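Heads up, model.txt below (compact mmCIF, C-alpha atoms):
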# COMPACT_ATOMS: atom_id res chain seq x y z
CA MET Z 1 0.00 0.00 0.00
CA THR Z 2 1.43 3.37 -1.02
CA ASN Z 3 1.57 6.46 1.20
CA GLU Z 4 -0.86 8.16 -1.18
CA THR Z 5 -3.40 5.35 -0.72
CA ILE Z 6 -3.07 5.49 3.08
CA ALA Z 7 -3.55 9.26 3.04
CA THR Z 8 -6.68 8.90 0.87
CA GLU Z 9 -8.19 6.31 3.23
CA ILE Z 10 -7.49 8.49 6.30
CA THR Z 11 -9.10 11.50 4.62
CA GLU Z 12 -12.21 9.48 3.73
CA THR Z 13 -12.44 8.13 7.29
CA VAL Z 14 -12.18 11.60 8.80
CA GLY Z 15 -14.99 12.74 6.54
CA GLU Z 16 -17.24 10.06 8.03
CA PHE Z 17 -16.73 11.47 11.55
CA PRO Z 18 -17.22 15.27 11.44
CA ILE Z 19 -15.72 17.15 14.39
CA ASP Z 20 -18.76 19.45 14.48
CA GLU Z 21 -20.71 16.66 16.19
CA LEU Z 22 -18.20 16.63 19.05
CA LEU Z 23 -17.75 20.35 19.72
CA SER Z 24 -19.32 21.86 22.84
CA ASP Z 25 -22.33 24.15 22.62
CA GLY Z 26 -20.23 26.89 24.19
CA ILE Z 27 -17.55 26.95 21.50
CA THR Z 28 -20.09 26.44 18.71
CA ASN Z 29 -21.98 29.55 19.80
CA THR Z 30 -18.88 31.71 20.40
CA PRO Z 31 -17.80 33.68 17.33
CA PRO Z 32 -14.11 34.18 16.51
CA SER Z 33 -12.65 37.60 17.27
CA PHE Z 34 -13.84 40.05 14.64
CA VAL Z 35 -10.93 42.39 15.38
CA ARG Z 36 -8.41 39.61 14.73
CA ALA Z 37 -9.97 39.06 11.32
CA ILE Z 38 -9.88 42.79 10.62
CA LEU Z 39 -6.23 43.08 11.63
CA LYS Z 40 -5.36 40.41 9.09
CA ALA Z 41 -7.28 42.27 6.40
CA ALA Z 42 -5.62 45.52 7.37
CA SER Z 43 -2.08 44.13 7.58
CA ASP Z 44 -1.18 45.57 4.17
CA PRO Z 45 1.47 48.24 4.81
CA GLU Z 46 -0.44 50.54 2.46
CA VAL Z 47 -3.45 50.49 4.80
CA THR Z 48 -3.77 53.10 7.54
CA SER Z 49 -5.28 51.02 10.35
CA PHE Z 50 -7.27 52.54 13.18
CA ALA Z 51 -8.63 49.06 13.89
CA GLY Z 52 -6.27 47.47 16.42
CA GLY Z 53 -5.94 48.22 20.10
CA LEU Z 54 -2.18 48.51 19.77
CA PRO Z 55 0.02 50.58 22.07
CA ASN Z 56 2.53 52.67 20.17
CA PRO Z 57 5.76 50.60 19.89
CA ILE Z 58 7.88 53.67 20.62
CA SER Z 59 6.46 53.52 24.15
CA PHE Z 60 8.06 50.12 24.84
CA PRO Z 61 11.12 50.50 27.15
CA GLN Z 62 13.14 47.98 25.18
CA GLU Z 63 16.62 48.86 26.43
CA LYS Z 64 15.52 48.91 30.06
CA LEU Z 65 13.72 45.61 29.66
CA LEU Z 66 16.85 44.07 28.14
CA GLU Z 67 18.82 45.24 31.18
CA SER Z 68 16.20 43.66 33.43
CA MET Z 69 16.33 40.37 31.52
CA GLN Z 70 20.08 40.21 31.96
CA ARG Z 71 19.83 41.01 35.68
CA VAL Z 72 17.12 38.39 36.21
CA VAL Z 73 19.21 35.66 34.57
CA ALA Z 74 22.33 36.69 36.49
CA GLU Z 75 20.73 37.26 39.89
CA ARG Z 76 17.72 34.92 40.01
CA GLY Z 77 19.33 31.96 38.29
CA PRO Z 78 17.22 28.77 38.21
CA GLU Z 79 14.40 30.46 40.17
CA ALA Z 80 13.49 32.43 37.05
CA PHE Z 81 13.11 29.26 34.99
CA GLN Z 82 11.40 26.99 37.53
CA TYR Z 83 7.73 26.31 38.25
CA SER Z 84 6.18 28.79 40.67
CA VAL Z 85 3.02 29.44 42.68
CA THR Z 86 -0.24 29.86 40.81
CA ALA Z 87 -1.06 33.26 42.32
CA GLY Z 88 2.13 34.82 40.96
CA VAL Z 89 5.55 35.90 42.20
CA PRO Z 90 4.89 37.25 45.75
CA GLU Z 91 7.13 40.32 45.32
CA LEU Z 92 5.31 41.35 42.14
CA ARG Z 93 1.93 40.90 43.81
CA ALA Z 94 3.12 43.05 46.72
CA TRP Z 95 4.29 45.75 44.29
CA ILE Z 96 0.88 45.77 42.56
CA ALA Z 97 -0.97 46.02 45.87
CA GLU Z 98 1.21 48.89 47.06
CA ARG Z 99 0.77 50.72 43.75
CA TYR Z 100 -3.01 50.74 44.21
CA ASN Z 101 -2.72 51.67 47.88
CA HIS Z 102 -0.57 54.65 46.94
CA ARG Z 103 -2.89 55.80 44.16
CA PHE Z 104 -6.28 55.20 45.79
CA GLY Z 105 -5.72 54.95 49.55
CA THR Z 106 -6.76 51.28 49.60
CA ASP Z 107 -5.34 48.58 51.86
CA TYR Z 108 -4.59 45.74 49.45
CA THR Z 109 -1.89 43.19 50.27
CA GLU Z 110 -0.14 40.62 48.10
CA GLU Z 111 -2.73 38.08 49.31
CA ASP Z 112 -5.41 40.10 47.46
CA VAL Z 113 -3.64 39.84 44.08
CA LEU Z 114 -3.69 37.16 41.38
CA VAL Z 115 -1.25 37.54 38.46
CA THR Z 116 -2.67 36.26 35.18
CA THR Z 117 -1.66 35.62 31.61
CA GLY Z 118 -2.95 38.94 30.33
CA SER Z 119 -6.11 40.55 31.66
CA GLN Z 120 -7.97 38.49 29.06
CA GLN Z 121 -7.37 35.47 31.30
CA VAL Z 122 -9.16 37.26 34.13
CA LEU Z 123 -12.28 37.42 31.94
CA ASP Z 124 -11.96 33.74 31.08
CA LEU Z 125 -11.51 32.72 34.73
CA LEU Z 126 -14.44 34.87 35.91
CA GLY Z 127 -16.69 33.29 33.31
CA LYS Z 128 -15.65 29.76 34.32
CA VAL Z 129 -16.00 30.42 38.05
CA LEU Z 130 -19.24 32.42 38.09
CA LEU Z 131 -21.39 31.62 35.06
CA ASP Z 132 -23.51 28.61 34.23
CA LYS Z 133 -25.68 28.33 31.14
CA GLY Z 134 -28.53 30.81 31.38
CA ASP Z 135 -27.04 32.93 34.17
CA GLY Z 136 -27.30 36.67 33.80
CA VAL Z 137 -24.25 38.89 33.27
CA ILE Z 138 -24.65 42.66 32.98
CA VAL Z 139 -22.49 44.50 30.45
CA GLU Z 140 -22.34 48.01 29.08
CA LYS Z 141 -23.96 48.80 25.73
CA PRO Z 142 -21.57 48.75 23.94
CA THR Z 143 -18.79 46.86 25.71
CA TYR Z 144 -15.38 45.27 25.13
CA LEU Z 145 -15.89 42.64 22.44
CA ALA Z 146 -13.35 40.19 23.92
CA ALA Z 147 -15.32 40.16 27.19
CA ILE Z 148 -18.41 39.14 25.22
CA GLN Z 149 -16.35 36.40 23.61
CA ALA Z 150 -14.89 35.16 26.92
CA PHE Z 151 -18.23 35.06 28.72
CA ALA Z 152 -20.10 33.59 25.73
CA LEU Z 153 -18.27 30.28 26.19
CA GLN Z 154 -20.38 29.74 29.34
CA GLN Z 155 -23.62 30.53 27.45
CA PRO Z 156 -24.97 33.20 29.82
CA VAL Z 157 -27.78 35.67 29.21
CA PHE Z 158 -26.28 39.09 28.48
CA ARG Z 159 -28.17 42.01 29.99
CA GLU Z 160 -27.10 45.25 28.30
CA VAL Z 161 -27.22 48.64 30.03
CA GLU Z 162 -26.89 51.77 27.90
CA LEU Z 163 -23.64 53.68 28.32
CA THR Z 164 -24.11 57.45 28.20
CA GLU Z 165 -21.74 60.42 28.33
CA GLU Z 166 -22.06 60.33 32.16
CA GLY Z 167 -21.87 56.55 32.62
CA LEU Z 168 -24.48 53.83 33.09
CA ASN Z 169 -28.18 54.46 32.59
CA ILE Z 170 -29.41 53.93 36.16
CA ASP Z 171 -32.98 52.94 35.25
CA GLU Z 172 -31.71 50.29 32.85
CA LEU Z 173 -29.20 49.11 35.47
CA ASN Z 174 -31.98 48.56 38.02
CA ALA Z 175 -34.05 46.68 35.44
CA ALA Z 176 -31.12 44.45 34.54
CA LEU Z 177 -30.45 43.69 38.21
CA ASP Z 178 -34.11 42.89 38.81
CA ALA Z 179 -33.99 40.45 35.89
CA GLY Z 180 -31.15 38.61 37.65
CA ALA Z 181 -27.38 38.57 37.26
CA LYS Z 182 -24.35 37.04 39.00
CA MET Z 183 -21.81 39.50 37.65
CA ILE Z 184 -21.61 43.01 36.24
CA TYR Z 185 -18.66 43.90 33.99
CA LEU Z 186 -17.72 47.58 33.71
CA ILE Z 187 -14.94 49.66 32.14
CA PRO Z 188 -15.27 53.00 33.96
CA ASN Z 189 -12.12 54.73 32.63
CA PHE Z 190 -11.74 55.54 28.91
CA GLN Z 191 -14.01 52.68 28.03
CA ASN Z 192 -13.22 50.28 25.22
CA PRO Z 193 -14.75 50.87 22.69
CA THR Z 194 -16.20 54.34 23.32
CA GLY Z 195 -13.43 56.17 25.17
CA LEU Z 196 -16.05 57.45 27.65
CA THR Z 197 -15.36 57.85 31.38
CA TYR Z 198 -17.98 57.57 34.12
CA THR Z 199 -18.44 60.80 36.06
CA ALA Z 200 -17.92 60.88 39.83
CA GLU Z 201 -21.67 61.38 40.31
CA ASN Z 202 -22.55 58.39 38.14
CA ARG Z 203 -20.02 56.18 39.94
CA GLU Z 204 -21.67 57.03 43.25
CA GLN Z 205 -25.14 56.29 41.82
CA VAL Z 206 -23.99 52.94 40.44
CA ARG Z 207 -22.31 52.08 43.75
CA GLU Z 208 -25.51 52.85 45.69
CA VAL Z 209 -27.56 50.64 43.37
CA LEU Z 210 -25.11 47.74 43.58
CA ALA Z 211 -24.58 47.99 47.35
CA GLY Z 212 -27.83 46.15 48.11
CA ARG Z 213 -27.19 43.29 45.67
CA ASN Z 214 -25.32 40.00 45.95
CA ILE Z 215 -23.34 40.39 42.74
CA VAL Z 216 -19.69 40.33 41.66
CA VAL Z 217 -18.70 43.81 40.47
CA VAL Z 218 -15.84 43.68 37.96
CA GLU Z 219 -14.09 46.90 36.93
CA ASP Z 220 -11.68 46.46 34.03
CA ASP Z 221 -9.08 49.23 34.14
CA PRO Z 222 -6.25 48.63 31.67
CA TYR Z 223 -6.13 52.31 30.68
CA GLY Z 224 -6.49 54.02 34.06
CA GLU Z 225 -2.88 55.21 34.16
CA LEU Z 226 -3.14 56.61 30.63
CA ARG Z 227 -5.21 59.65 31.62
CA PHE Z 228 -3.99 62.72 29.75
CA GLU Z 229 -6.78 65.12 30.78
CA GLY Z 230 -8.68 65.65 34.02
CA ASP Z 231 -8.31 64.01 37.44
CA SER Z 232 -8.37 60.34 38.44
CA LEU Z 233 -11.65 59.13 39.93
CA PRO Z 234 -12.30 56.42 42.54
CA TYR Z 235 -13.50 52.98 41.57
CA ILE Z 236 -17.16 52.03 41.87
CA GLY Z 237 -16.64 48.79 43.77
CA GLY Z 238 -13.05 47.98 44.64
CA THR Z 239 -12.90 47.53 48.41
CA ALA Z 240 -16.23 49.37 48.90
CA LEU Z 241 -18.39 46.41 47.81
CA PRO Z 242 -18.16 42.85 49.17
CA HIS Z 243 -17.48 41.18 45.80
CA GLY Z 244 -15.49 43.98 44.16
CA VAL Z 245 -12.86 42.98 41.59
CA ILE Z 246 -10.37 45.34 39.92
CA MET Z 247 -8.66 44.20 36.73
CA GLY Z 248 -5.32 45.64 35.60
CA SER Z 249 -2.56 45.00 33.11
CA PHE Z 250 1.04 45.87 32.25
CA SER Z 251 0.19 45.59 28.54
CA LYS Z 252 -0.56 49.28 28.08
CA THR Z 253 2.13 50.62 30.44
CA VAL Z 254 5.16 48.33 29.89
CA THR Z 255 4.69 45.77 27.11
CA PRO Z 256 1.72 43.79 25.73
CA GLY Z 257 3.87 40.90 24.48
CA PHE Z 258 4.59 39.60 27.99
CA ARG Z 259 0.83 39.01 28.51
CA MET Z 260 0.95 40.20 32.11
CA GLY Z 261 -2.37 40.98 33.76
CA TYR Z 262 -3.74 40.78 37.27
CA LEU Z 263 -6.77 41.22 39.49
CA LEU Z 264 -7.24 42.57 43.00
CA THR Z 265 -10.06 41.60 45.35
CA LYS Z 266 -10.71 41.43 49.07
CA ASP Z 267 -13.11 38.52 48.48
CA HIS Z 268 -10.78 35.61 49.26
CA ASP Z 269 -13.48 33.00 48.69
CA LEU Z 270 -13.82 34.23 45.13
CA LEU Z 271 -10.04 34.50 44.85
CA ARG Z 272 -9.60 30.85 45.89
CA ALA Z 273 -12.06 29.77 43.22
CA LEU Z 274 -10.25 31.85 40.58
CA ASN Z 275 -6.93 30.39 41.73
CA THR Z 276 -8.30 26.86 41.29
CA ALA Z 277 -9.55 27.68 37.79
CA LYS Z 278 -6.14 29.11 36.91
CA GLU Z 279 -4.40 25.96 38.21
CA ALA Z 280 -6.51 23.98 35.76
CA ALA Z 281 -5.77 26.39 32.92
CA ASP Z 282 -2.00 27.01 33.01
CA LEU Z 283 -0.60 26.25 36.52
CA HIS Z 284 0.87 29.76 36.66
CA THR Z 285 1.77 32.78 34.53
CA ASN Z 286 5.19 32.95 32.84
CA VAL Z 287 7.67 33.18 35.73
CA PHE Z 288 10.55 34.71 33.78
CA ALA Z 289 8.31 37.48 32.46
CA GLN Z 290 7.04 38.19 35.99
CA PHE Z 291 10.59 38.57 37.30
CA VAL Z 292 11.55 40.80 34.36
CA VAL Z 293 8.56 43.11 34.91
CA LEU Z 294 9.30 43.20 38.65
CA ASP Z 295 12.95 44.07 38.02
CA TYR Z 296 12.00 46.78 35.53
CA LEU Z 297 9.58 48.32 38.04
CA ARG Z 298 12.19 48.28 40.80
CA HIS Z 299 14.98 49.83 38.74
CA ASN Z 300 12.99 52.42 36.77
CA ASP Z 301 10.52 55.20 37.49
CA LEU Z 302 7.21 53.99 36.06
CA ASP Z 303 5.57 57.39 36.59
CA GLU Z 304 8.28 59.08 34.54
CA HIS Z 305 7.72 56.52 31.78
CA LEU Z 306 3.95 57.09 31.92
CA VAL Z 307 4.35 60.85 31.51
CA LYS Z 308 5.93 60.23 28.10
CA ILE Z 309 3.17 57.83 27.04
CA ARG Z 310 0.42 60.20 28.15
CA GLU Z 311 1.93 63.12 26.25
CA LEU Z 312 2.29 60.97 23.14
CA TYR Z 313 -1.31 59.77 23.31
CA ARG Z 314 -2.64 63.25 24.07
CA THR Z 315 -1.03 64.49 20.85
CA GLN Z 316 -2.37 61.58 18.83
CA ALA Z 317 -5.90 61.86 20.25
CA ARG Z 318 -5.99 65.57 19.50
CA ALA Z 319 -4.74 64.94 15.96
CA MET Z 320 -7.59 62.50 15.40
CA THR Z 321 -10.40 64.62 16.87
CA ASP Z 322 -9.15 67.72 15.03
CA ALA Z 323 -9.08 65.79 11.75
CA MET Z 324 -12.55 64.34 12.38
CA ALA Z 325 -13.93 67.82 13.05
CA GLU Z 326 -12.42 68.97 9.76
CA PHE Z 327 -13.11 66.03 7.44
CA PHE Z 328 -16.10 64.08 8.80
CA PRO Z 329 -19.61 65.07 7.67
CA ALA Z 330 -21.49 67.22 10.19
CA GLU Z 331 -23.99 64.38 10.73
CA VAL Z 332 -21.28 62.28 12.43
CA SER Z 333 -20.72 62.69 16.19
CA PHE Z 334 -17.75 61.37 18.13
CA THR Z 335 -16.41 61.13 21.66
CA LYS Z 336 -13.43 63.09 22.98
CA PRO Z 337 -11.61 60.80 25.41
CA GLN Z 338 -9.68 62.05 28.43
CA GLY Z 339 -7.26 59.14 28.17
CA GLY Z 340 -6.86 55.59 26.93
CA MET Z 341 -6.55 54.50 23.32
CA PHE Z 342 -9.93 54.74 21.58
CA LEU Z 343 -12.74 57.00 20.51
CA TRP Z 344 -16.20 56.21 19.15
CA ALA Z 345 -18.00 57.67 16.17
CA THR Z 346 -21.75 57.54 15.59
CA LEU Z 347 -23.10 57.93 12.08
CA PRO Z 348 -26.71 58.67 11.09
CA GLU Z 349 -29.10 55.85 11.94
CA GLY Z 350 -29.57 53.39 9.11
CA LEU Z 351 -25.97 53.53 7.92
CA ASN Z 352 -24.47 50.14 8.86
CA THR Z 353 -20.71 50.44 9.41
CA MET Z 354 -20.27 46.74 8.61
CA ASP Z 355 -21.21 47.66 5.05
CA LEU Z 356 -18.90 50.66 5.20
CA PHE Z 357 -15.81 48.68 6.23
CA PRO Z 358 -14.95 47.10 2.84
CA LYS Z 359 -15.44 50.44 1.14
CA ALA Z 360 -13.00 52.04 3.56
CA LEU Z 361 -10.52 49.22 2.99
CA GLU Z 362 -10.66 49.98 -0.72
CA ARG Z 363 -9.41 53.46 0.22
CA ASN Z 364 -6.65 51.89 2.35
CA VAL Z 365 -8.07 52.83 5.73
CA ALA Z 366 -9.46 50.48 8.40
CA PHE Z 367 -11.63 50.82 11.52
CA VAL Z 368 -13.70 48.44 13.64
CA PRO Z 369 -17.44 48.47 12.93
CA GLY Z 370 -19.55 48.84 16.06
CA GLU Z 371 -21.55 45.63 15.78
CA PRO Z 372 -19.10 43.23 17.56
CA PHE Z 373 -19.15 45.47 20.65
CA TYR Z 374 -22.83 44.78 21.33
CA ALA Z 375 -23.92 41.62 23.13
CA GLN Z 376 -27.13 41.54 21.12
CA PRO Z 377 -26.91 41.36 17.30
CA GLY Z 378 -28.11 44.21 15.13
CA ALA Z 379 -27.16 46.67 12.43
CA TYR Z 380 -25.24 49.49 14.07
CA SER Z 381 -24.13 52.88 12.77
CA THR Z 382 -21.10 53.11 15.06
CA MET Z 383 -17.35 52.55 14.77
CA ARG Z 384 -14.30 52.35 17.02
CA LEU Z 385 -11.11 54.19 16.10
CA ASN Z 386 -7.70 53.66 17.71
CA PHE Z 387 -5.44 56.72 17.82
CA THR Z 388 -2.31 55.36 19.54
CA ASN Z 389 -0.57 53.47 16.75
CA ALA Z 390 -0.02 56.16 14.10
CA ASP Z 391 1.68 59.53 13.99
CA ALA Z 392 -0.25 62.78 13.59
CA ASP Z 393 0.29 63.12 9.84
CA THR Z 394 -0.78 59.53 9.19
CA ILE Z 395 -3.85 60.03 11.36
CA ARG Z 396 -4.86 63.19 9.50
CA ASP Z 397 -4.45 61.55 6.09
CA GLY Z 398 -6.34 58.41 7.11
CA ILE Z 399 -9.21 60.33 8.70
CA GLN Z 400 -9.55 62.46 5.56
CA ARG Z 401 -9.94 59.34 3.42
CA LEU Z 402 -12.37 57.79 5.90
CA GLY Z 403 -14.39 61.02 5.93
CA GLU Z 404 -14.68 60.83 2.15
CA VAL Z 405 -15.94 57.23 2.40
CA ILE Z 406 -18.59 58.24 4.95
CA ALA Z 407 -19.64 61.26 2.90
CA ALA Z 408 -20.07 59.07 -0.20
CA ALA Z 409 -22.24 56.64 1.79
CA LEU Z 410 -24.42 59.49 3.06
Would you mind writing the file out in structure tokens?
Amino acid sequence: MTNETIATEITETVGEFPIDELLSDGITNTPPSFVRAILKAASDPEVTSFAGGLPNPISFPQEKLLESMQRVVAERGPEAFQYSVTAGVPELRAWIAERYNHRFGTDYTEEDVLVTTGSQQVLDLLGKVLLDKGDGVIVEKPTYLAAIQAFALQQPVFREVELTEEGLNIDELNAALDAGAKMIYLIPNFQNPTGLTYTAENREQVREVLAGRNIVVVEDDPYGELRFEGDSLPYIGGTALPHGVIMGSFSKTVTPGFRMGYLLTKDHDLLRALNTAKEAADLHTNVFAQFVVLDYLRHNDLDEHLVKIRELYRTQARAMTDAMAEFFPAEVSFTKPQGGMFLWATLPEGLNTMDLFPKALERNVAFVPGEPFYAQPGAYSTMRLNFTNADADTIRDGIQRLGEVIAAAL
């Protein structure tokens, strides 16, 4: 029997047993990341892409990280290459806790911190630990599309609450809570995708509503230290609510490639459950990367580094909003973020940005249509634009071309 004959028989046998019959309902009903597909389509160097959530590479402290890598190998030795505890390197967890205590007057300790493989893993672990099929989870409308994807694996019922210029719609929040939910997922600072920030008044209103409920309150804050206008505001839950969880990440402040995220919570029963789920997922986060980040933080002034990033992003955000004011049709409205990486544009109702995307790509400019950021399907006239991964001239040129595409569609 030839190799070709064997290969033919194997192929025919595989065809008799389709894998679709074996896949779980959760994965079958979870769509692939729309942004990942867009990034592939927009990878042509001729395309000006406002689609990705990419930090500007010039903000990566490459030389300092190289120095830290060399120190870790020389000083930590085998410890940096060995298995470690699931919760994360204790010294790094202590640093994270102290950082939050210094910024917000909290009293976190290393025992309140879990280091994860990117903040995306926090979403995955929360879904596994809290959600069964049919359970309610409250999300903003719109919300971070990767959170929808992570939670969707557990087949929950998404309860959307409208996000306004001030924050959550309180009447809709009360209705969603009355309908039943185990968890509420919020992005209060420079929200992804809209760039909006909850006001102090709205945070207090949301806190008062949630205070009487037995619900896990998750605040995702990867952009909190990237504020380039205004003053920092307190968290909604944090240590103020019994099941408060804060999510953070070094992806936007140091480097995304290390996939270094974390969560803080005073709820140690929840933390034990999350720790168990992480044990089952990956045992622990990359130990070498944890030691490198810790060494970098100890030998460098993070605040000084952040000043440079904030100034860079302030310039880029202003370049984008100025260009949109100049080149977008008057019928288009858009947010003006005080920090973070994104802004949100709303076109006249009836104009579906999913239909607009291929037309923009023909003009060598890319964005993310709004539809994937809503938990419930529908035709949406919104789009997310990232301003951190292009210089001011490139932004202006790309926005001009995108404005022409929108004007033609109108």
For the interface of segment 194-267 of chain Z with segment 300-321 of chain Z (cut-off 8 Å, counting only C-alpha atoms), please tabulate each contacting residue of segment 194-267 of chain Z alongside its nearest pair of atoms and their separation in Å to one decimal, rows sorted by chain and increasing number, as a Markdown table.
| residue | atom | partner | partner_atom | distance |
| --- | --- | --- | --- | --- |
| Z:Glu225 | CA | Z:Leu306 | CA | 7.4 |
| Z:Leu226 | CA | Z:Arg310 | CA | 5.6 |
| Z:Arg227 | CA | Z:Arg310 | CA | 6.6 |
| Z:Phe228 | CA | Z:Arg310 | CA | 5.3 |
| Z:Thr253 | CA | Z:Leu306 | CA | 6.9 |
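By chain and then residue number, the residues within 9 Å of Glu204 of chain Z are Thr199, Val209 and Ile236 of chain Z, counting only C-alpha atoms and disregarding those fewer than 5 positions away in sequence.
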Once you have the residues from the selection above, write them out as a compact mmCIF listing (two decimals), in the coordinates of the input, restricted to C-alpha atoms.
# COMPACT_ATOMS: atom_id res chain seq x y z
CA THR Z 199 -18.44 60.80 36.06
CA VAL Z 209 -27.56 50.64 43.37
CA ILE Z 236 -17.16 52.03 41.87
- Rank Z:Asn275, Z:Gln290, Z:Thr394, Z:Ser333 by their smallest atom-to-atom distance to Glu91 of chain Z, using all atoms listed in the file, and report the top residue only.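 Going through Z:Asn275, Z:Gln290, Z:Thr394, Z:Ser333 one by one, the smallest distance to Glu91 of chain Z is for Z:Gln290.
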- Task: Tell me which of Z:Ile184, Z:Leu233, Z:Leu177, Z:Ala390 sits closest to Thr197 of chain Z, counting only C-alpha atoms.
- Result: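 Of all the options, Z:Leu233 lies closest to Thr197 of chain Z.
Distance-wise, atom CA of Ala87 of chain Z and atom CA of Gly237 of chain Z end up 22.0 Å apart.
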- Write out as number ranges by chain the residues lying within 8 Å of Asn389 of chain Z, counting all atoms listed in the file and excluding same-chain residues fewer than 2 positions away. Z: 50, 54-57, 386-387, 391
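Once Lys64 of chain Z and its same-chain neighbours fewer than 5 positions away are set aside, Ser59, Met69, Gln70, Arg71, Val254, Thr255, Val292, Val293, Asp295, Tyr296, Leu297, Arg298, His299, Asn300, Asp301, Leu302 and His305 of chain Z remain within 12 Å of it when counting only C-alpha atoms.
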- Message: Excluding segment 114-122 of chain Z and its own-chain neighbours fewer than 5 positions away, which residues fall within 8 Å of it when counting all atoms listed in the file? Please give them as a PyMOL selection string.
- Response: chain Z and resi 87-89+93+146-147+150+247-249+251+258-264+271+275+284-286
For the residues selected in the previous step, produce a file with C-alpha atoms as a PDB file, keeping the file's coordinate frame.
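Output below, filename part-v9.pdb:
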ATOM      1  CA  ALA Z  87      -1.060  33.260  42.320  1.00  0.00           C
ATOM      2  CA  GLY Z  88       2.130  34.820  40.960  1.00  0.00           C
ATOM      3  CA  VAL Z  89       5.550  35.900  42.200  1.00  0.00           C
ATOM      4  CA  ARG Z  93       1.930  40.900  43.810  1.00  0.00           C
ATOM      5  CA  ALA Z 146     -13.350  40.190  23.920  1.00  0.00           C
ATOM      6  CA  ALA Z 147     -15.320  40.160  27.190  1.00  0.00           C
ATOM      7  CA  ALA Z 150     -14.890  35.160  26.920  1.00  0.00           C
ATOM      8  CA  MET Z 247      -8.660  44.200  36.730  1.00  0.00           C
ATOM      9  CA  GLY Z 248      -5.320  45.640  35.600  1.00  0.00           C
ATOM     10  CA  SER Z 249      -2.560  45.000  33.110  1.00  0.00           C
ATOM     11  CA  SER Z 251       0.190  45.590  28.540  1.00  0.00           C
ATOM     12  CA  PHE Z 258       4.590  39.600  27.990  1.00  0.00           C
ATOM     13  CA  ARG Z 259       0.830  39.010  28.510  1.00  0.00           C
ATOM     14  CA  MET Z 260       0.950  40.200  32.110  1.00  0.00           C
ATOM     15  CA  GLY Z 261      -2.370  40.980  33.760  1.00  0.00           C
ATOM     16  CA  TYR Z 262      -3.740  40.780  37.270  1.00  0.00           C
ATOM     17  CA  LEU Z 263      -6.770  41.220  39.490  1.00  0.00           C
ATOM     18  CA  LEU Z 264      -7.240  42.570  43.000  1.00  0.00           C
ATOM     19  CA  LEU Z 271     -10.040  34.500  44.850  1.00  0.00           C
ATOM     20  CA  ASN Z 275      -6.930  30.390  41.730  1.00  0.00           C
ATOM     21  CA  HIS Z 284       0.870  29.760  36.660  1.00  0.00           C
ATOM     22  CA  THR Z 285       1.770  32.780  34.530  1.00  0.00           C
ATOM     23  CA  ASN Z 286       5.190  32.950  32.840  1.00  0.00           C
TER      24      ASN Z 286
END
- For Asp107 of chain Z, which residue among Z:Ala80, Z:Leu123, Z:Ala175, Z:Ala240 is the nearest when counting all atoms listed in the file?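 Among the listed residues, Z:Ala240 lies closest to Asp107 of chain Z.
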- Query: So, counting all atoms listed in the file, which residue among Z:Gln191, Z:His243, Z:Phe81, Z:Asp231 is closest to Leu210 of chain Z?
  - Reply: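 Answer, going by the shortest atom-to-atom distance: Z:His243.
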- Neighbours of Lys40 of chain Z within 12 Å (only C-alpha atoms; same-chain residues fewer than 3 positions away dropped), as number ranges by chain? Z: 33-37, 43-45, 47, 49, 51-52, 361, 366
- Interatomic distance between atom CA of Thr382 of chain Z and atom CA of Gln154 of chain Z?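 If I compute the distance from atom CA of Thr382 of chain Z to atom CA of Gln154 of chain Z, I get 27.4 Å.
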